[in-house]
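Q: This is the content of query-v1.cif (mmCIF, C-alpha atoms):
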```
data_protein
#
loop_
_atom_site.label_atom_id
_atom_site.label_comp_id
_atom_site.auth_asym_id
_atom_site.auth_seq_id
_atom_site.Cartn_x
_atom_site.Cartn_y
_atom_site.Cartn_z
CA MET J 1 0.00 0.00 0.00
CA ALA J 2 1.28 3.38 -0.94
CA SER J 3 2.37 5.52 1.89
CA ARG J 4 0.40 8.59 2.89
CA VAL J 5 3.15 10.77 1.42
CA GLU J 6 2.84 9.00 -1.94
CA GLN J 7 -0.93 9.39 -1.92
CA LYS J 8 -0.61 13.12 -1.28
CA ARG J 9 1.92 13.46 -4.12
CA ARG J 10 -0.36 11.67 -6.58
CA ALA J 11 -3.34 13.70 -5.46
CA ARG J 12 -1.34 16.92 -5.94
CA GLU J 13 -0.18 15.85 -9.42
CA GLU J 14 -3.73 14.95 -10.43
CA ARG J 15 -4.98 18.30 -9.15
CA GLU J 16 -2.25 20.19 -11.00
CA ALA J 17 -2.96 18.24 -14.20
CA LYS J 18 -6.65 19.14 -13.96
CA GLU J 19 -5.74 22.79 -13.39
CA ARG J 20 -3.44 22.79 -16.43
CA ALA J 21 -6.13 21.13 -18.56
CA GLY J 22 -8.68 23.68 -17.37
CA ALA J 23 -6.37 26.59 -18.13
CA GLU J 24 -5.62 25.24 -21.61
CA ALA J 25 -9.33 24.79 -22.30
CA ALA J 26 -9.94 28.38 -21.17
CA ARG J 27 -7.21 29.63 -23.51
CA ARG J 28 -8.75 27.71 -26.41
CA ARG J 29 -12.17 29.21 -25.69
CA GLN J 30 -10.62 32.70 -25.57
CA ARG J 31 -8.89 32.13 -28.92
CA MET J 32 -12.11 30.90 -30.49
CA MET J 33 -13.99 33.90 -29.15
CA SER J 34 -11.33 36.26 -30.54
CA ILE J 35 -11.41 34.56 -33.94
CA GLY J 36 -15.20 34.71 -33.95
CA ALA J 37 -15.24 38.39 -33.03
CA ALA J 38 -12.72 39.16 -35.76
CA GLY J 39 -14.82 37.28 -38.26
CA VAL J 40 -17.93 39.20 -37.28
CA PHE J 41 -16.01 42.49 -37.58
CA VAL J 42 -14.75 41.58 -41.05
CA LEU J 43 -18.27 40.62 -42.07
CA ILE J 44 -19.66 43.92 -40.79
CA VAL J 45 -16.95 45.86 -42.65
CA ALA J 46 -17.72 43.94 -45.83
CA ILE J 47 -21.45 44.63 -45.51
CA VAL J 48 -20.84 48.33 -44.89
CA GLY J 49 -18.52 48.43 -47.89
CA VAL J 50 -21.18 46.91 -50.13
CA VAL J 51 -23.82 49.34 -48.85
CA VAL J 52 -21.53 52.34 -49.38
CA ALA J 53 -20.53 51.17 -52.85
CA THR J 54 -24.10 50.59 -53.98
CA SER J 55 -25.50 53.74 -52.41
CA GLY J 56 -22.80 56.11 -53.60
CA GLY J 57 -21.28 56.50 -50.12
CA THR J 58 -22.04 58.99 -47.42
CA SER J 59 -18.76 60.81 -48.03
CA ALA J 60 -19.55 61.61 -51.67
CA LYS J 61 -19.33 65.28 -52.52
CA PRO J 62 -22.70 67.00 -52.73
CA LYS J 63 -23.98 67.88 -56.16
CA GLY J 64 -23.46 71.43 -57.32
CA PRO J 65 -26.18 74.03 -57.83
CA SER J 66 -29.10 73.26 -60.14
CA GLU J 67 -32.11 75.05 -61.60
CA ALA J 68 -33.71 74.77 -58.17
CA ASN J 69 -30.89 76.97 -56.87
CA GLY J 70 -31.56 79.69 -59.41
CA LEU J 71 -29.41 78.54 -62.35
CA GLN J 72 -30.87 80.09 -65.48
CA VAL J 73 -31.71 77.84 -68.42
CA SER J 74 -33.15 80.63 -70.55
CA ALA J 75 -31.93 82.00 -73.87
CA GLY J 76 -30.90 85.23 -72.18
CA GLN J 77 -32.38 88.69 -72.62
CA PRO J 78 -31.35 91.99 -74.21
CA VAL J 79 -29.74 94.46 -71.83
CA GLY J 80 -28.19 97.68 -73.08
CA GLY J 81 -28.07 96.52 -76.71
CA LYS J 82 -26.48 93.12 -75.94
CA MET J 83 -27.89 89.77 -74.98
CA THR J 84 -26.97 88.45 -71.54
CA TRP J 85 -28.12 86.58 -68.49
CA PRO J 86 -28.54 89.03 -65.61
CA PRO J 87 -26.81 88.04 -62.36
CA GLU J 88 -29.09 85.87 -60.24
CA TYR J 89 -29.22 87.00 -56.61
CA GLY J 90 -32.24 85.18 -55.18
CA HIS J 91 -30.26 82.00 -54.52
CA LEU J 92 -26.74 83.42 -54.71
CA GLN J 93 -25.75 82.77 -51.10
CA GLN J 94 -27.18 79.25 -51.26
CA ARG J 95 -25.15 78.46 -54.39
CA VAL J 96 -21.95 79.90 -52.96
CA LYS J 97 -22.41 77.78 -49.83
CA GLN J 98 -22.92 74.67 -51.96
CA LEU J 99 -19.77 75.42 -53.95
CA GLY J 100 -17.68 75.59 -50.79
CA ILE J 101 -15.43 78.32 -52.17
CA PRO J 102 -13.43 80.41 -49.65
CA ASP J 103 -14.55 83.73 -48.23
CA PRO J 104 -13.63 86.91 -50.10
CA SER J 105 -10.58 89.07 -49.41
CA ASP J 106 -8.84 91.41 -51.82
CA ALA J 107 -5.66 91.52 -49.74
CA ILE J 108 -4.60 87.86 -49.60
CA TYR J 109 -5.37 86.21 -52.97
CA HIS J 110 -6.38 88.56 -55.78
CA VAL J 111 -6.01 87.60 -59.45
CA HIS J 112 -7.97 88.16 -62.67
CA SER J 113 -9.05 86.26 -65.77
CA HIS J 114 -10.97 87.47 -68.81
CA LEU J 115 -14.08 85.85 -70.25
CA ALA J 116 -15.96 86.41 -73.52
CA VAL J 117 -19.18 84.53 -74.32
CA TYR J 118 -20.63 84.00 -77.81
CA VAL J 119 -23.94 82.45 -78.84
CA ASP J 120 -24.89 81.91 -82.46
CA GLY J 121 -22.24 84.33 -83.63
CA LYS J 122 -23.23 87.15 -81.27
CA GLN J 123 -21.28 88.21 -78.23
CA PHE J 124 -23.19 87.96 -74.95
CA GLU J 125 -22.30 90.46 -72.27
CA VAL J 126 -20.66 89.30 -69.07
CA PRO J 127 -22.58 91.64 -66.78
CA ALA J 128 -21.33 93.76 -63.93
CA GLN J 129 -21.90 92.84 -60.29
CA ILE J 130 -21.90 89.07 -60.77
CA GLY J 131 -21.51 87.68 -57.26
CA ILE J 132 -22.14 91.09 -55.66
CA ASP J 133 -25.61 91.50 -54.14
CA GLN J 134 -25.87 95.10 -53.03
CA ASN J 135 -29.24 94.61 -51.34
CA SER J 136 -27.99 91.96 -48.94
CA GLN J 137 -24.43 93.30 -48.84
CA PHE J 138 -23.12 89.92 -49.97
CA LEU J 139 -19.87 89.46 -51.86
CA ALA J 140 -18.67 86.17 -53.37
CA SER J 141 -14.98 85.55 -53.85
CA LEU J 142 -15.70 85.10 -57.59
CA HIS J 143 -17.27 88.24 -59.04
CA THR J 144 -17.22 91.02 -61.62
CA HIS J 145 -17.19 94.76 -61.09
CA ASP J 146 -18.02 95.92 -64.61
CA THR J 147 -18.92 94.63 -68.08
CA THR J 148 -15.35 94.20 -69.35
CA GLY J 149 -15.49 90.43 -68.77
CA VAL J 150 -12.81 90.50 -66.07
CA ILE J 151 -13.38 87.77 -63.48
CA HIS J 152 -12.09 88.78 -60.06
CA GLN J 153 -10.83 85.99 -57.82
CA GLU J 154 -10.43 87.54 -54.39
CA ALA J 155 -10.18 85.09 -51.52
CA VAL J 156 -8.75 84.56 -48.05
CA GLN J 157 -6.48 81.87 -49.51
CA GLN J 158 -5.12 80.73 -52.84
CA TYR J 159 -7.80 78.53 -54.38
CA PRO J 160 -8.29 76.60 -57.66
CA PHE J 161 -11.45 78.35 -58.82
CA THR J 162 -13.04 76.82 -61.92
CA LEU J 163 -14.85 78.39 -64.83
CA GLY J 164 -17.92 76.33 -63.95
CA GLN J 165 -17.95 77.81 -60.46
CA PHE J 166 -17.97 81.29 -61.94
CA PHE J 167 -21.05 80.45 -64.04
CA ASP J 168 -22.65 78.98 -60.91
CA VAL J 169 -22.05 82.26 -59.07
CA TRP J 170 -23.39 84.12 -62.10
CA GLY J 171 -26.48 81.91 -62.01
CA VAL J 172 -26.22 80.39 -65.51
CA LYS J 173 -26.27 76.67 -66.19
CA PHE J 174 -23.02 75.64 -67.84
CA THR J 175 -22.06 72.04 -68.54
CA PRO J 176 -19.94 70.45 -71.28
CA THR J 177 -23.13 70.19 -73.37
CA GLN J 178 -25.35 73.05 -72.20
CA LEU J 179 -25.16 76.83 -71.78
CA GLY J 180 -28.37 78.39 -70.50
CA ALA J 181 -31.05 77.16 -72.89
CA TYR J 182 -28.56 76.12 -75.56
CA HIS J 183 -27.73 72.44 -76.06
CA VAL J 184 -25.18 70.81 -78.34
CA GLY J 185 -26.37 68.67 -81.22
CA ARG J 186 -27.49 68.92 -84.86
CA GLY J 187 -24.20 70.50 -85.82
CA LEU J 188 -24.12 72.93 -82.92
CA VAL J 189 -21.20 72.84 -80.51
CA LEU J 190 -20.30 74.30 -77.13
CA GLN J 191 -16.58 74.93 -76.86
CA THR J 192 -14.20 76.62 -74.45
CA TYR J 193 -10.92 78.11 -75.61
CA VAL J 194 -8.24 79.26 -73.19
CA ASN J 195 -5.52 81.47 -74.62
CA GLY J 196 -6.52 80.29 -78.08
CA LYS J 197 -6.42 76.56 -77.29
CA LEU J 198 -9.42 74.27 -77.07
CA THR J 199 -10.17 73.00 -73.55
CA PRO J 200 -12.15 69.73 -73.58
CA ASN J 201 -14.12 70.29 -70.35
CA GLY J 202 -14.75 74.00 -70.00
CA PRO J 203 -16.65 73.96 -66.68
CA ALA J 204 -13.82 72.05 -64.99
CA TYR J 205 -11.09 74.40 -66.19
CA LYS J 206 -9.13 75.96 -63.31
CA LEU J 207 -8.76 79.68 -63.75
CA ARG J 208 -5.27 81.14 -63.92
CA PRO J 209 -4.08 84.76 -63.76
CA HIS J 210 -4.61 86.69 -67.03
CA ASP J 211 -6.32 83.81 -68.84
CA ASN J 212 -8.03 84.79 -72.08
CA ILE J 213 -11.17 82.61 -72.16
CA VAL J 214 -13.82 82.25 -74.85
CA VAL J 215 -16.98 80.18 -74.35
CA GLY J 216 -18.78 79.79 -77.65
CA PHE J 217 -22.00 78.09 -78.70
CA GLY J 218 -23.18 77.62 -82.26
CA SER J 219 -21.94 76.26 -85.55
CA PRO J 220 -18.17 75.71 -85.68
CA GLY J 221 -16.39 78.85 -86.84
CA THR J 222 -19.11 81.30 -85.73
CA PHE J 223 -17.14 82.47 -82.70
CA PRO J 224 -13.48 83.40 -82.15
CA LYS J 225 -10.96 81.28 -80.29
CA LYS J 226 -9.44 84.32 -78.64
CA VAL J 227 -10.34 87.97 -78.17
CA ASN J 228 -8.00 90.90 -77.77
CA PHE J 229 -7.99 92.25 -74.24
CA ASN J 230 -5.50 94.38 -72.35
CA TYR J 231 -5.61 94.31 -68.60
CA PRO J 232 -5.52 97.71 -66.92
CA THR J 233 -2.27 98.61 -65.20
CA GLY J 234 -2.03 96.89 -61.87
CA GLU J 235 -4.37 94.05 -62.73
#
```
Written as structure tokens, how would this file's structure read?
A:
Amino acid sequence: MASRVEQKRRAREEREAKERAGAEAARRRQRMMSIGAAGVFVLIVAIVGVVVATSGGTSAKPKGPSEANGLQVSAGQPVGGKMTWPPEYGHLQQRVKQLGIPDPSDAIYHVHSHLAVYVDGKQFEVPAQIGIDQNSQFLASLHTHDTTGVIHQEAVQQYPFTLGQFFDVWGVKFTPTQLGAYHVGRGLVLQTYVNGKLTPNGPAYKLRPHDNIVVGFGSPGTFPKKVNFNYPTGE
């Protein structure tokens, strides 16, 4: 018969073996739980990715201004002997907010570009006070002061303003295929020339200092590719 000492030793070894087995089982359960949680997380990420991809994503940039925001889709109207689209002020602040362009400042970033617009062989006027609503004392960082066609870019920081943003501030619908009420097709084109060179996507063009820009709609050859313009001294 085993001595009492031997019995105690065996009992201790059996107890320690059970404790080790229990600890190992606990570790296995913890690993399985971790693997399961990771799998659930991956599945959730995958589901969210599918939802975002199919819905367009919540981080997608908001669409720009539309007719509901005052963009004119008319043929223009005669003002002072020339056809034009008058500046639209009713939704100006709403459009500027949608564009996300910086606040105005003539002391930090202040450059100029020149724009001429032609429709069916006739020059449309780029009116004064685009982006300047005197009644509400509102000034957009893209604006005009007079009818020379000079676009003022005056902002609190250097910014890549686009030609399309200027038309949005003006309140005239301008896309690669539409200008106001005028649509391309049946031999009619809508083209943008910058410094005499054709620019494929006019609305997306980023304005640069002293650009000479022509936006023309009509039959090819009915509008110039460049107009003569001399900036006043200091501009």
Q: Given the file above and the PyMOL selection byres ((chain J and resi 162) around 12), which residues are selected, and can you give them as a list in words?
A: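 Given this file, the PyMOL selection byres ((chain J and resi 162) around 12) evaluates to Leu99, Ile101, Ser113, Leu142, Ile151, Gln153, Tyr159, Pro160, Phe161, Leu163, Gly164, Gln165, Phe166, Phe167, Asp168, Val169, Phe174, Asn201, Gly202, Pro203, Ala204, Tyr205, Lys206, Leu207, Arg208, Asp211 and Ile213 of chain J.
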Q: Would you pick out the contacts of segment 224-230 of chain J at 10 Å or less, using all atoms listed in the file, so that residues sharing its chain but fewer than 4 positions from it are not included, and give the list as a ChimeraX atom specification?
A: /J:114-118,121,123,148-150,191-198,210,212-216,220,235
Q: Compare J:Pro104, J:Gly171, J:Pro127, J:Pro232 by their minimum atom-to-atom distance to Leu71 of chain J, counting only C-alpha atoms, and give me the closest one.
A: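 The answer is J:Gly171, which sits nearest to Leu71 of chain J.
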Q: Could you please determine the separation between atom CA of Lys97 of chain J and atom CA of Gly131 of chain J in Å, to one decimal place?
A: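 If I compute the distance from atom CA of Lys97 of chain J to atom CA of Gly131 of chain J, I get 12.4 Å.
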Q: With only C-alpha atoms as the atoms that count, which of J:Gln98, J:Thr222, J:Gln158, J:Thr199 lies nearest to Gly187 of chain J?
A: J:Thr222
Q: Atom CA of Phe138 of chain J to atom CA of Gln157 of chain J: how many Å, to one decimal?
A: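 Atom CA of Phe138 of chain J sits 18.5 Å away from atom CA of Gln157 of chain J.
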Q: Quote the spacing between atom CA of Ile108 of chain J and atom CA of Arg95 of chain J in Å to one decimal place.
A: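 Taking atom CA of Ile108 of chain J and atom CA of Arg95 of chain J, their separation equals 23.1 Å.
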Q: Would you kindly return, as a short mmCIF file (atom, residue, chain, number, x, y, z; two decimals) with C-alpha atoms, keeping the file's coordinate frame, each protein, DNA or RNA residue with an atom no farther than 8 Å from any atom of Ala75 of chain J, considering all atoms listed in the file and excluding same-chain residues fewer than 5 positions away?
A:
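Writing done, so here's around.cif:
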```
data_model
loop_
_atom_site.label_atom_id
_atom_site.label_comp_id
_atom_site.auth_asym_id
_atom_site.auth_seq_id
_atom_site.Cartn_x
_atom_site.Cartn_y
_atom_site.Cartn_z
CA GLY J 180 -28.37 78.39 -70.50
CA ALA J 181 -31.05 77.16 -72.89
CA TYR J 182 -28.56 76.12 -75.56
#
```
Q: What's the 10 Å shell around Ile132 of chain J, counting only C-alpha atoms, without same-chain residues fewer than 5 positions away, as a list in words?
A: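 Final neighbour list, sorted by chain and number: Pro87, Glu88, Tyr89, Leu92, Gln137, Phe138, Leu139, Ala140, Ser141, Leu142, His143, Thr144, His145, Val169 and Trp170 of chain J.
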Q: Have a look at J:Glu125, J:Glu67, J:Asp120, J:Glu154 and name the one nearest to Asp106 of chain J; count all atoms listed in the file.
A: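 Of the candidates, the smallest distance to Asp106 of chain J is held by J:Glu154.
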Q: Taking all atoms listed in the file into account, name the residue in J:Leu190, J:Gly100, J:Val184, J:His112 that is nearest to Gly64 of chain J.
A: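 Selected residue with least distance to Gly64 of chain J: J:Gly100.
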Q: When distances are computed from all atoms listed in the file, which of J:Thr177, J:Gln134, J:Gln94, J:Gln129 shows the smallest separation from Ser66 of chain J?
A: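 Result for the nearest residue to Ser66 of chain J: J:Gln94.
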Q: Rank J:Val111, J:Val156, J:Val189, J:Lys122 by their smallest atom-to-atom distance to Tyr231 of chain J, using all atoms listed in the file, and report the top residue only.
A: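 Nearest to Tyr231 of chain J: J:Val111.
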